[in-house]
Amino acid sequence: MVLIPASALLVVNERKLLLAYSSRKQAWYLPGGKCDAGESPEEALVREVREELNCNLNINDLNWFMEVVAPAFGEPDGHTIQQQCFFYHGNMNPTASGEITELRFFSKDAYLKEPDKVIGVIMVMDELKKEGYL
């Protein structure tokens, strides 16, 4: 098994979760991405959000919510994502950039109607629902 360390941003509005559409993988994902060597999950999230959403996050305003361990979508069999998921408690105005072509808020029901679904996103949605966010 190949473990891929990653981090993700959780933004909830009106009981829906913000997802980013990756033109490279043709699917809706949690904003964020893989950690570079020597990078903490928080540092990776700040870097990825700057690249994908044109936002500068203050690392001190990140609040860890959960870890997701799931098959890595779009990667070879045996690749597993280990993703640290954080809420951000600061101001931000995200806009799509780079490989991200669109941002949209989803309910779980709406997400399940998408042609390609990322298991990790569903796991996060389930936990957010359990905790009363969705």
# chains A, B, ... in the order shown; residues from 1 in each chain; ligands from 1
call {"tool": "residues_around", "arguments": {"residues": "Lys16 in chain A", "least_positions_apart": "3", "cutoff": "12 Å", "atoms": "only C-alpha atoms", "output": "list in words"}}
result
Leu10, Val11, Val12, Asn13, Leu19, Arg104, Phe105, Phe106, Ser107, Lys108, Asp109, Ala110, Tyr111, Val124, Met125, Asp126, Leu128, Lys129, Gly132, Tyr133 and Leu134 of chain A
call {"tool": "closest_atom_pairs", "arguments": {"of": "range 89-117 of chain A", "to": "range 56-79 of chain A", "cutoff": "10 Å", "atoms": "only C-alpha atoms", "output": "Markdown table"}}
result
| residue | atom | partner | partner_atom | distance |
| --- | --- | --- | --- | --- |
| A:His89 | CA | A:Asp61 | CA | 5.2 |
| A:Gly90 | CA | A:Asp61 | CA | 6.1 |
| A:Asn91 | CA | A:Leu57 | CA | 8.4 |
| A:Met92 | CA | A:Leu57 | CA | 7.6 |
| A:Asn93 | CA | A:Asn56 | CA | 9.6 |
| A:Pro94 | CA | A:Asn56 | CA | 9.5 |
| A:Asp116 | CA | A:Phe73 | CA | 9.4 |
| A:Lys117 | CA | A:Phe73 | CA | 8.6 |
call {"tool": "write_last_selection", "arguments": {"atoms": "C-alpha atoms", "output": "PDB file, in the first residue's frame"}}
result
ATOM      1  CA  HIS A  89     -11.970  30.401  11.017  1.00  0.00           C
ATOM      2  CA  GLY A  90     -10.849  33.488   9.131  1.00  0.00           C
ATOM      3  CA  ASN A  91     -12.083  35.601   6.263  1.00  0.00           C
ATOM      4  CA  MET A  92     -11.667  34.244   2.752  1.00  0.00           C
ATOM      5  CA  ASN A  93     -13.122  34.819  -0.690  1.00  0.00           C
ATOM      6  CA  PRO A  94     -12.143  31.756  -2.756  1.00  0.00           C
ATOM      7  CA  ASP A 116     -17.713  10.411 -10.294  1.00  0.00           C
ATOM      8  CA  LYS A 117     -17.669  10.392  -6.524  1.00  0.00           C
TER       9      LYS A 117
END
call {"tool": "closest_residue", "arguments": {"among": "A:Thr101, A:Ser22, A:Ser40, A:Asn54", "to": "Pro5 in chain A", "atoms": "only C-alpha atoms"}}
result
A:Ser40
call {"tool": "closest_residue", "arguments": {"among": "A:Met123, A:Ala6, A:Leu17, A:Thr95", "to": "Glu42 in chain A", "atoms": "only C-alpha atoms"}}
result
A:Ala6
call {"tool": "atom_distance", "arguments": {"atom1": "CA of Glu52 in chain A", "atom2": "CA of Glu99 in chain A"}}
result
7.1 Å
call {"tool": "select_by_dssp", "arguments": {"residues": "chain A", "states": "strand (DSSP E)", "output": "PyMOL selection string"}}
result
chain A and resi 2-10+12-13+16-22+27-29+32-34+62-71+79-88+100-106
call {"tool": "write_last_selection", "arguments": {"atoms": "N, CA and C atoms", "output": "compact mmCIF listing (two decimals), in the first residue's frame"}}
result
# COMPACT_ATOMS: atom_id res chain seq x y z
N VAL A 2 0.51 2.22 -0.81
CA VAL A 2 1.21 3.51 -0.86
C VAL A 2 0.32 4.53 -0.16
N LEU A 3 0.85 5.14 0.91
CA LEU A 3 0.10 6.12 1.68
C LEU A 3 0.46 7.52 1.20
N ILE A 4 -0.55 8.31 0.86
CA ILE A 4 -0.35 9.67 0.35
C ILE A 4 -0.84 10.66 1.41
N PRO A 5 0.08 11.38 2.08
CA PRO A 5 -0.35 12.38 3.06
C PRO A 5 -0.92 13.61 2.34
N ALA A 6 -2.03 14.11 2.85
CA ALA A 6 -2.70 15.24 2.22
C ALA A 6 -3.47 16.03 3.28
N SER A 7 -3.98 17.18 2.86
CA SER A 7 -4.81 17.99 3.74
C SER A 7 -5.96 18.58 2.94
N ALA A 8 -7.03 18.95 3.65
CA ALA A 8 -8.22 19.47 2.97
C ALA A 8 -8.86 20.58 3.80
N LEU A 9 -9.48 21.50 3.09
CA LEU A 9 -10.19 22.61 3.69
C LEU A 9 -11.68 22.31 3.73
N LEU A 10 -12.29 22.52 4.88
CA LEU A 10 -13.73 22.32 5.04
C LEU A 10 -14.40 23.68 5.18
N VAL A 12 -18.29 25.11 5.18
CA VAL A 12 -19.71 24.75 5.19
C VAL A 12 -20.53 26.04 5.19
N ASN A 13 -21.51 26.10 4.30
CA ASN A 13 -22.41 27.24 4.22
C ASN A 13 -23.82 26.72 3.96
N LYS A 16 -24.21 23.00 3.47
CA LYS A 16 -23.60 22.42 2.27
C LYS A 16 -22.09 22.59 2.35
N LEU A 17 -21.36 21.67 1.71
CA LEU A 17 -19.91 21.63 1.76
C LEU A 17 -19.32 22.15 0.46
N LEU A 18 -18.32 23.04 0.56
CA LEU A 18 -17.63 23.57 -0.61
C LEU A 18 -16.73 22.50 -1.22
N LEU A 19 -16.91 22.27 -2.52
CA LEU A 19 -16.04 21.35 -3.26
C LEU A 19 -15.46 22.06 -4.46
N ALA A 20 -14.31 21.59 -4.90
CA ALA A 20 -13.59 22.16 -6.04
C ALA A 20 -13.53 21.13 -7.15
N TYR A 21 -13.80 21.58 -8.39
CA TYR A 21 -13.76 20.66 -9.53
C TYR A 21 -12.36 20.65 -10.12
N SER A 22 -11.74 19.48 -10.14
CA SER A 22 -10.40 19.31 -10.70
C SER A 22 -10.52 18.93 -12.17
N ALA A 27 -13.36 15.42 -11.39
CA ALA A 27 -14.20 15.09 -10.24
C ALA A 27 -14.21 16.25 -9.26
N TRP A 28 -15.22 16.26 -8.38
CA TRP A 28 -15.34 17.25 -7.31
C TRP A 28 -14.60 16.74 -6.08
N TYR A 29 -13.73 17.58 -5.54
CA TYR A 29 -12.87 17.23 -4.40
C TYR A 29 -13.02 18.25 -3.29
N GLY A 32 -7.69 21.45 -1.38
CA GLY A 32 -6.47 21.06 -0.68
C GLY A 32 -5.64 20.18 -1.58
N GLY A 33 -4.78 19.37 -0.98
CA GLY A 33 -3.96 18.50 -1.80
C GLY A 33 -2.88 17.79 -1.02
N LYS A 34 -1.96 17.21 -1.76
CA LYS A 34 -0.90 16.40 -1.19
C LYS A 34 0.13 17.26 -0.46
N LEU A 62 -6.54 27.66 11.38
CA LEU A 62 -6.97 26.32 10.98
C LEU A 62 -7.35 25.53 12.22
N ASN A 63 -8.44 24.79 12.12
CA ASN A 63 -8.92 24.00 13.24
C ASN A 63 -9.17 22.57 12.74
N TRP A 64 -8.35 21.61 13.22
CA TRP A 64 -8.45 20.22 12.76
C TRP A 64 -9.82 19.66 13.10
N PHE A 65 -10.41 18.91 12.14
CA PHE A 65 -11.72 18.29 12.35
C PHE A 65 -11.64 16.76 12.34
N MET A 66 -10.97 16.20 11.32
CA MET A 66 -10.92 14.74 11.22
C MET A 66 -9.83 14.31 10.25
N GLU A 67 -9.52 13.01 10.32
CA GLU A 67 -8.61 12.39 9.36
C GLU A 67 -9.43 11.42 8.51
N VAL A 68 -9.17 11.44 7.20
CA VAL A 68 -9.80 10.51 6.27
C VAL A 68 -8.72 9.59 5.71
N VAL A 69 -8.96 8.30 5.77
CA VAL A 69 -8.09 7.31 5.13
C VAL A 69 -8.98 6.54 4.17
N ALA A 70 -8.67 6.68 2.86
CA ALA A 70 -9.55 6.10 1.83
C ALA A 70 -8.75 5.84 0.57
N PRO A 71 -9.28 5.00 -0.33
CA PRO A 71 -8.61 4.82 -1.62
C PRO A 71 -8.44 6.18 -2.30
N HIS A 79 -3.07 2.74 -3.75
CA HIS A 79 -2.72 4.06 -3.26
C HIS A 79 -3.86 4.56 -2.36
N THR A 80 -3.49 4.96 -1.15
CA THR A 80 -4.45 5.38 -0.14
C THR A 80 -4.13 6.79 0.30
N ILE A 81 -5.18 7.63 0.40
CA ILE A 81 -4.98 8.99 0.87
C ILE A 81 -5.17 9.02 2.38
N GLN A 82 -4.28 9.72 3.06
CA GLN A 82 -4.40 9.98 4.49
C GLN A 82 -4.51 11.49 4.62
N GLN A 83 -5.75 11.97 4.72
CA GLN A 83 -6.04 13.39 4.58
C GLN A 83 -6.48 14.00 5.91
N GLN A 84 -5.77 15.05 6.31
CA GLN A 84 -6.14 15.81 7.51
C GLN A 84 -7.10 16.92 7.06
N CYS A 85 -8.25 17.00 7.69
CA CYS A 85 -9.30 17.95 7.28
C CYS A 85 -9.44 19.05 8.33
N PHE A 86 -9.43 20.29 7.87
CA PHE A 86 -9.44 21.45 8.74
C PHE A 86 -10.56 22.42 8.37
N PHE A 87 -11.18 22.99 9.40
CA PHE A 87 -12.03 24.16 9.22
C PHE A 87 -11.12 25.38 9.23
N TYR A 88 -11.54 26.45 8.58
CA TYR A 88 -10.80 27.71 8.62
C TYR A 88 -11.69 28.76 9.25
N ILE A 100 -8.23 23.89 -10.83
CA ILE A 100 -9.59 24.00 -10.31
C ILE A 100 -10.38 24.92 -11.24
N THR A 101 -11.43 24.38 -11.84
CA THR A 101 -12.20 25.16 -12.81
C THR A 101 -13.51 25.69 -12.25
N GLU A 102 -13.96 25.16 -11.10
CA GLU A 102 -15.22 25.62 -10.53
C GLU A 102 -15.27 25.28 -9.05
N LEU A 103 -15.97 26.12 -8.30
CA LEU A 103 -16.24 25.88 -6.89
C LEU A 103 -17.75 25.85 -6.72
N ARG A 104 -18.22 24.92 -5.87
CA ARG A 104 -19.67 24.82 -5.66
C ARG A 104 -19.93 24.18 -4.29
N PHE A 105 -21.01 24.61 -3.65
CA PHE A 105 -21.44 24.01 -2.40
C PHE A 105 -22.41 22.86 -2.71
N PHE A 106 -22.21 21.72 -2.03
CA PHE A 106 -23.00 20.52 -2.26
C PHE A 106 -23.63 20.02 -0.97
call {"tool": "atom_distance", "arguments": {"atom1": "CA of Pro115 in chain A", "atom2": "CA of Pro31 in chain A"}}
result
18.8 Å
call {"tool": "select_by_dssp", "arguments": {"residues": "chain A", "states": "alpha helix (DSSP H)", "output": "PyMOL selection string"}}
result
chain A and resi 41-53+108-112+119-130
call {"tool": "write_last_selection", "arguments": {"atoms": "N, CA and C atoms", "output": "PDB file, in the first residue's frame"}}
result
ATOM      1  N   PRO A  41       0.734  19.082   7.468  1.00  0.00           N
ATOM      2  CA  PRO A  41      -0.572  19.178   6.817  1.00  0.00           C
ATOM      3  C   PRO A  41      -1.081  20.624   6.756  1.00  0.00           C
ATOM      4  N   GLU A  42      -0.844  21.386   7.819  1.00  0.00           N
ATOM      5  CA  GLU A  42      -1.282  22.782   7.835  1.00  0.00           C
ATOM      6  C   GLU A  42      -0.545  23.607   6.784  1.00  0.00           C
ATOM      7  N   GLU A  43       0.769  23.422   6.677  1.00  0.00           N
ATOM      8  CA  GLU A  43       1.556  24.147   5.673  1.00  0.00           C
ATOM      9  C   GLU A  43       1.106  23.767   4.263  1.00  0.00           C
ATOM     10  N   ALA A  44       0.844  22.489   4.045  1.00  0.00           N
ATOM     11  CA  ALA A  44       0.388  22.034   2.730  1.00  0.00           C
ATOM     12  C   ALA A  44      -0.954  22.664   2.380  1.00  0.00           C
ATOM     13  N   LEU A  45      -1.849  22.749   3.364  1.00  0.00           N
ATOM     14  CA  LEU A  45      -3.164  23.317   3.099  1.00  0.00           C
ATOM     15  C   LEU A  45      -3.063  24.796   2.749  1.00  0.00           C
ATOM     16  N   VAL A  46      -2.256  25.543   3.475  1.00  0.00           N
ATOM     17  CA  VAL A  46      -2.067  26.961   3.169  1.00  0.00           C
ATOM     18  C   VAL A  46      -1.533  27.123   1.742  1.00  0.00           C
ATOM     19  N   ARG A  47      -0.536  26.313   1.362  1.00  0.00           N
ATOM     20  CA  ARG A  47       0.046  26.385   0.017  1.00  0.00           C
ATOM     21  C   ARG A  47      -0.978  26.005  -1.045  1.00  0.00           C
ATOM     22  N   GLU A  48      -1.672  24.894  -0.851  1.00  0.00           N
ATOM     23  CA  GLU A  48      -2.634  24.418  -1.848  1.00  0.00           C
ATOM     24  C   GLU A  48      -3.794  25.405  -2.032  1.00  0.00           C
ATOM     25  N   VAL A  49      -4.295  25.958  -0.940  1.00  0.00           N
ATOM     26  CA  VAL A  49      -5.408  26.908  -1.040  1.00  0.00           C
ATOM     27  C   VAL A  49      -4.952  28.181  -1.759  1.00  0.00           C
ATOM     28  N   ARG A  50      -3.716  28.599  -1.530  1.00  0.00           N
ATOM     29  CA  ARG A  50      -3.181  29.754  -2.256  1.00  0.00           C
ATOM     30  C   ARG A  50      -3.138  29.450  -3.762  1.00  0.00           C
ATOM     31  N   GLU A  51      -2.706  28.240  -4.130  1.00  0.00           N
ATOM     32  CA  GLU A  51      -2.581  27.860  -5.540  1.00  0.00           C
ATOM     33  C   GLU A  51      -3.941  27.635  -6.199  1.00  0.00           C
ATOM     34  N   GLU A  52      -4.866  26.965  -5.499  1.00  0.00           N
ATOM     35  CA  GLU A  52      -6.134  26.537  -6.106  1.00  0.00           C
ATOM     36  C   GLU A  52      -7.276  27.531  -5.938  1.00  0.00           C
ATOM     37  N   LEU A  53      -7.266  28.296  -4.837  1.00  0.00           N
ATOM     38  CA  LEU A  53      -8.416  29.145  -4.512  1.00  0.00           C
ATOM     39  C   LEU A  53      -8.066  30.627  -4.400  1.00  0.00           C
ATOM     40  N   LYS A 108     -25.083  16.364   0.516  1.00  0.00           N
ATOM     41  CA  LYS A 108     -24.665  14.992   0.213  1.00  0.00           C
ATOM     42  C   LYS A 108     -25.526  14.405  -0.903  1.00  0.00           C
ATOM     43  N   ASP A 109     -26.836  14.649  -0.866  1.00  0.00           N
ATOM     44  CA  ASP A 109     -27.725  14.120  -1.910  1.00  0.00           C
ATOM     45  C   ASP A 109     -27.310  14.617  -3.294  1.00  0.00           C
ATOM     46  N   ALA A 110     -26.990  15.901  -3.404  1.00  0.00           N
ATOM     47  CA  ALA A 110     -26.574  16.459  -4.702  1.00  0.00           C
ATOM     48  C   ALA A 110     -25.244  15.845  -5.142  1.00  0.00           C
ATOM     49  N   TYR A 111     -24.316  15.674  -4.194  1.00  0.00           N
ATOM     50  CA  TYR A 111     -23.015  15.098  -4.543  1.00  0.00           C
ATOM     51  C   TYR A 111     -23.158  13.667  -5.049  1.00  0.00           C
ATOM     52  N   LEU A 112     -24.037  12.903  -4.435  1.00  0.00           N
ATOM     53  CA  LEU A 112     -24.205  11.505  -4.842  1.00  0.00           C
ATOM     54  C   LEU A 112     -24.780  11.369  -6.250  1.00  0.00           C
ATOM     55  N   ILE A 119     -14.566   8.788  -2.546  1.00  0.00           N
ATOM     56  CA  ILE A 119     -14.957   8.130  -1.294  1.00  0.00           C
ATOM     57  C   ILE A 119     -14.644   9.012  -0.086  1.00  0.00           C
ATOM     58  N   GLY A 120     -13.481   9.650  -0.091  1.00  0.00           N
ATOM     59  CA  GLY A 120     -13.102  10.513   1.029  1.00  0.00           C
ATOM     60  C   GLY A 120     -14.072  11.659   1.246  1.00  0.00           C
ATOM     61  N   VAL A 121     -14.589  12.237   0.173  1.00  0.00           N
ATOM     62  CA  VAL A 121     -15.569  13.324   0.289  1.00  0.00           C
ATOM     63  C   VAL A 121     -16.836  12.804   0.972  1.00  0.00           C
ATOM     64  N   ILE A 122     -17.281  11.624   0.574  1.00  0.00           N
ATOM     65  CA  ILE A 122     -18.480  11.037   1.182  1.00  0.00           C
ATOM     66  C   ILE A 122     -18.244  10.763   2.672  1.00  0.00           C
ATOM     67  N   MET A 123     -17.063  10.280   3.020  1.00  0.00           N
ATOM     68  CA  MET A 123     -16.739  10.031   4.424  1.00  0.00           C
ATOM     69  C   MET A 123     -16.788  11.326   5.240  1.00  0.00           C
ATOM     70  N   VAL A 124     -16.250  12.410   4.684  1.00  0.00           N
ATOM     71  CA  VAL A 124     -16.269  13.700   5.373  1.00  0.00           C
ATOM     72  C   VAL A 124     -17.707  14.194   5.503  1.00  0.00           C
ATOM     73  N   MET A 125     -18.480  14.084   4.431  1.00  0.00           N
ATOM     74  CA  MET A 125     -19.884  14.513   4.492  1.00  0.00           C
ATOM     75  C   MET A 125     -20.652  13.740   5.561  1.00  0.00           C
ATOM     76  N   ASP A 126     -20.401  12.446   5.666  1.00  0.00           N
ATOM     77  CA  ASP A 126     -21.071  11.631   6.686  1.00  0.00           C
ATOM     78  C   ASP A 126     -20.722  12.127   8.089  1.00  0.00           C
ATOM     79  N   GLU A 127     -19.463  12.432   8.328  1.00  0.00           N
ATOM     80  CA  GLU A 127     -19.047  12.900   9.644  1.00  0.00           C
ATOM     81  C   GLU A 127     -19.584  14.310   9.932  1.00  0.00           C
ATOM     82  N   LEU A 128     -19.579  15.172   8.917  1.00  0.00           N
ATOM     83  CA  LEU A 128     -20.141  16.515   9.097  1.00  0.00           C
ATOM     84  C   LEU A 128     -21.638  16.450   9.426  1.00  0.00           C
ATOM     85  N   LYS A 129     -22.319  15.515   8.768  1.00  0.00           N
ATOM     86  CA  LYS A 129     -23.761  15.348   9.041  1.00  0.00           C
ATOM     87  C   LYS A 129     -23.955  14.848  10.473  1.00  0.00           C
ATOM     88  N   LYS A 130     -23.155  13.867  10.864  1.00  0.00           N
ATOM     89  CA  LYS A 130     -23.242  13.305  12.219  1.00  0.00           C
ATOM     90  C   LYS A 130     -23.013  14.382  13.286  1.00  0.00           C
TER      91      LYS A 130
END
call {"tool": "atom_distance", "arguments": {"atom1": "CA of Ala96 in chain A", "atom2": "CA of Gln26 in chain A"}}
result
14.5 Å
call {"tool": "decode", "arguments": {"residues": "range 9-34 of chain A", "atoms": "N, CA and C atoms", "output": "PDB file, in the first residue's frame"}}
result
ATOM      1  N   LEU A   9      -9.481  21.499   3.087  1.00  0.00           N
ATOM      2  CA  LEU A   9     -10.193  22.613   3.690  1.00  0.00           C
ATOM      3  C   LEU A   9     -11.683  22.305   3.729  1.00  0.00           C
ATOM      4  N   LEU A  10     -12.292  22.517   4.883  1.00  0.00           N
ATOM      5  CA  LEU A  10     -13.728  22.324   5.039  1.00  0.00           C
ATOM      6  C   LEU A  10     -14.399  23.682   5.183  1.00  0.00           C
ATOM      7  N   VAL A  11     -15.263  24.009   4.221  1.00  0.00           N
ATOM      8  CA  VAL A  11     -16.049  25.243   4.276  1.00  0.00           C
ATOM      9  C   VAL A  11     -17.503  24.825   4.144  1.00  0.00           C
ATOM     10  N   VAL A  12     -18.294  25.105   5.177  1.00  0.00           N
ATOM     11  CA  VAL A  12     -19.713  24.752   5.189  1.00  0.00           C
ATOM     12  C   VAL A  12     -20.526  26.039   5.191  1.00  0.00           C
ATOM     13  N   ASN A  13     -21.513  26.095   4.302  1.00  0.00           N
ATOM     14  CA  ASN A  13     -22.413  27.239   4.223  1.00  0.00           C
ATOM     15  C   ASN A  13     -23.821  26.723   3.963  1.00  0.00           C
ATOM     16  N   GLU A  14     -24.763  27.129   4.798  1.00  0.00           N
ATOM     17  CA  GLU A  14     -26.152  26.704   4.656  1.00  0.00           C
ATOM     18  C   GLU A  14     -26.269  25.185   4.544  1.00  0.00           C
ATOM     19  N   ARG A  15     -25.498  24.495   5.404  1.00  0.00           N
ATOM     20  CA  ARG A  15     -25.520  23.027   5.507  1.00  0.00           C
ATOM     21  C   ARG A  15     -25.057  22.326   4.224  1.00  0.00           C
ATOM     22  N   LYS A  16     -24.207  23.004   3.468  1.00  0.00           N
ATOM     23  CA  LYS A  16     -23.600  22.419   2.269  1.00  0.00           C
ATOM     24  C   LYS A  16     -22.088  22.593   2.354  1.00  0.00           C
ATOM     25  N   LEU A  17     -21.365  21.667   1.714  1.00  0.00           N
ATOM     26  CA  LEU A  17     -19.905  21.631   1.762  1.00  0.00           C
ATOM     27  C   LEU A  17     -19.318  22.149   0.455  1.00  0.00           C
ATOM     28  N   LEU A  18     -18.316  23.036   0.565  1.00  0.00           N
ATOM     29  CA  LEU A  18     -17.632  23.566  -0.611  1.00  0.00           C
ATOM     30  C   LEU A  18     -16.732  22.495  -1.216  1.00  0.00           C
ATOM     31  N   LEU A  19     -16.906  22.265  -2.523  1.00  0.00           N
ATOM     32  CA  LEU A  19     -16.039  21.348  -3.258  1.00  0.00           C
ATOM     33  C   LEU A  19     -15.461  22.064  -4.463  1.00  0.00           C
ATOM     34  N   ALA A  20     -14.313  21.590  -4.903  1.00  0.00           N
ATOM     35  CA  ALA A  20     -13.592  22.161  -6.035  1.00  0.00           C
ATOM     36  C   ALA A  20     -13.532  21.132  -7.154  1.00  0.00           C
ATOM     37  N   TYR A  21     -13.800  21.580  -8.386  1.00  0.00           N
ATOM     38  CA  TYR A  21     -13.761  20.656  -9.526  1.00  0.00           C
ATOM     39  C   TYR A  21     -12.362  20.653 -10.121  1.00  0.00           C
ATOM     40  N   SER A  22     -11.741  19.481 -10.136  1.00  0.00           N
ATOM     41  CA  SER A  22     -10.404  19.308 -10.698  1.00  0.00           C
ATOM     42  C   SER A  22     -10.523  18.926 -12.167  1.00  0.00           C
ATOM     43  N   SER A  23     -10.025  19.801 -13.037  1.00  0.00           N
ATOM     44  CA  SER A  23     -10.062  19.495 -14.470  1.00  0.00           C
ATOM     45  C   SER A  23      -9.143  18.318 -14.793  1.00  0.00           C
ATOM     46  N   ARG A  24      -8.097  18.126 -13.994  1.00  0.00           N
ATOM     47  CA  ARG A  24      -7.151  17.032 -14.244  1.00  0.00           C
ATOM     48  C   ARG A  24      -7.786  15.678 -13.953  1.00  0.00           C
ATOM     49  N   LYS A  25      -8.545  15.579 -12.878  1.00  0.00           N
ATOM     50  CA  LYS A  25      -9.126  14.285 -12.501  1.00  0.00           C
ATOM     51  C   LYS A  25     -10.612  14.183 -12.813  1.00  0.00           C
ATOM     52  N   GLN A  26     -11.204  15.276 -13.290  1.00  0.00           N
ATOM     53  CA  GLN A  26     -12.613  15.268 -13.692  1.00  0.00           C
ATOM     54  C   GLN A  26     -13.544  14.828 -12.569  1.00  0.00           C
ATOM     55  N   ALA A  27     -13.358  15.420 -11.389  1.00  0.00           N
ATOM     56  CA  ALA A  27     -14.199  15.087 -10.239  1.00  0.00           C
ATOM     57  C   ALA A  27     -14.205  16.251  -9.258  1.00  0.00           C
ATOM     58  N   TRP A  28     -15.219  16.260  -8.380  1.00  0.00           N
ATOM     59  CA  TRP A  28     -15.336  17.247  -7.308  1.00  0.00           C
ATOM     60  C   TRP A  28     -14.596  16.736  -6.082  1.00  0.00           C
ATOM     61  N   TYR A  29     -13.730  17.576  -5.537  1.00  0.00           N
ATOM     62  CA  TYR A  29     -12.874  17.232  -4.401  1.00  0.00           C
ATOM     63  C   TYR A  29     -13.021  18.252  -3.292  1.00  0.00           C
ATOM     64  N   LEU A  30     -12.529  17.892  -2.114  1.00  0.00           N
ATOM     65  CA  LEU A  30     -12.312  18.879  -1.070  1.00  0.00           C
ATOM     66  C   LEU A  30     -11.129  19.741  -1.494  1.00  0.00           C
ATOM     67  N   PRO A  31     -11.208  21.056  -1.347  1.00  0.00           N
ATOM     68  CA  PRO A  31     -10.044  21.895  -1.658  1.00  0.00           C
ATOM     69  C   PRO A  31      -8.858  21.477  -0.794  1.00  0.00           C
ATOM     70  N   GLY A  32      -7.691  21.451  -1.384  1.00  0.00           N
ATOM     71  CA  GLY A  32      -6.475  21.056  -0.680  1.00  0.00           C
ATOM     72  C   GLY A  32      -5.635  20.176  -1.579  1.00  0.00           C
ATOM     73  N   GLY A  33      -4.779  19.372  -0.982  1.00  0.00           N
ATOM     74  CA  GLY A  33      -3.957  18.502  -1.804  1.00  0.00           C
ATOM     75  C   GLY A  33      -2.883  17.788  -1.019  1.00  0.00           C
ATOM     76  N   LYS A  34      -1.964  17.212  -1.762  1.00  0.00           N
ATOM     77  CA  LYS A  34      -0.898  16.398  -1.189  1.00  0.00           C
ATOM     78  C   LYS A  34       0.129  17.262  -0.459  1.00  0.00           C
TER      79      LYS A  34
END
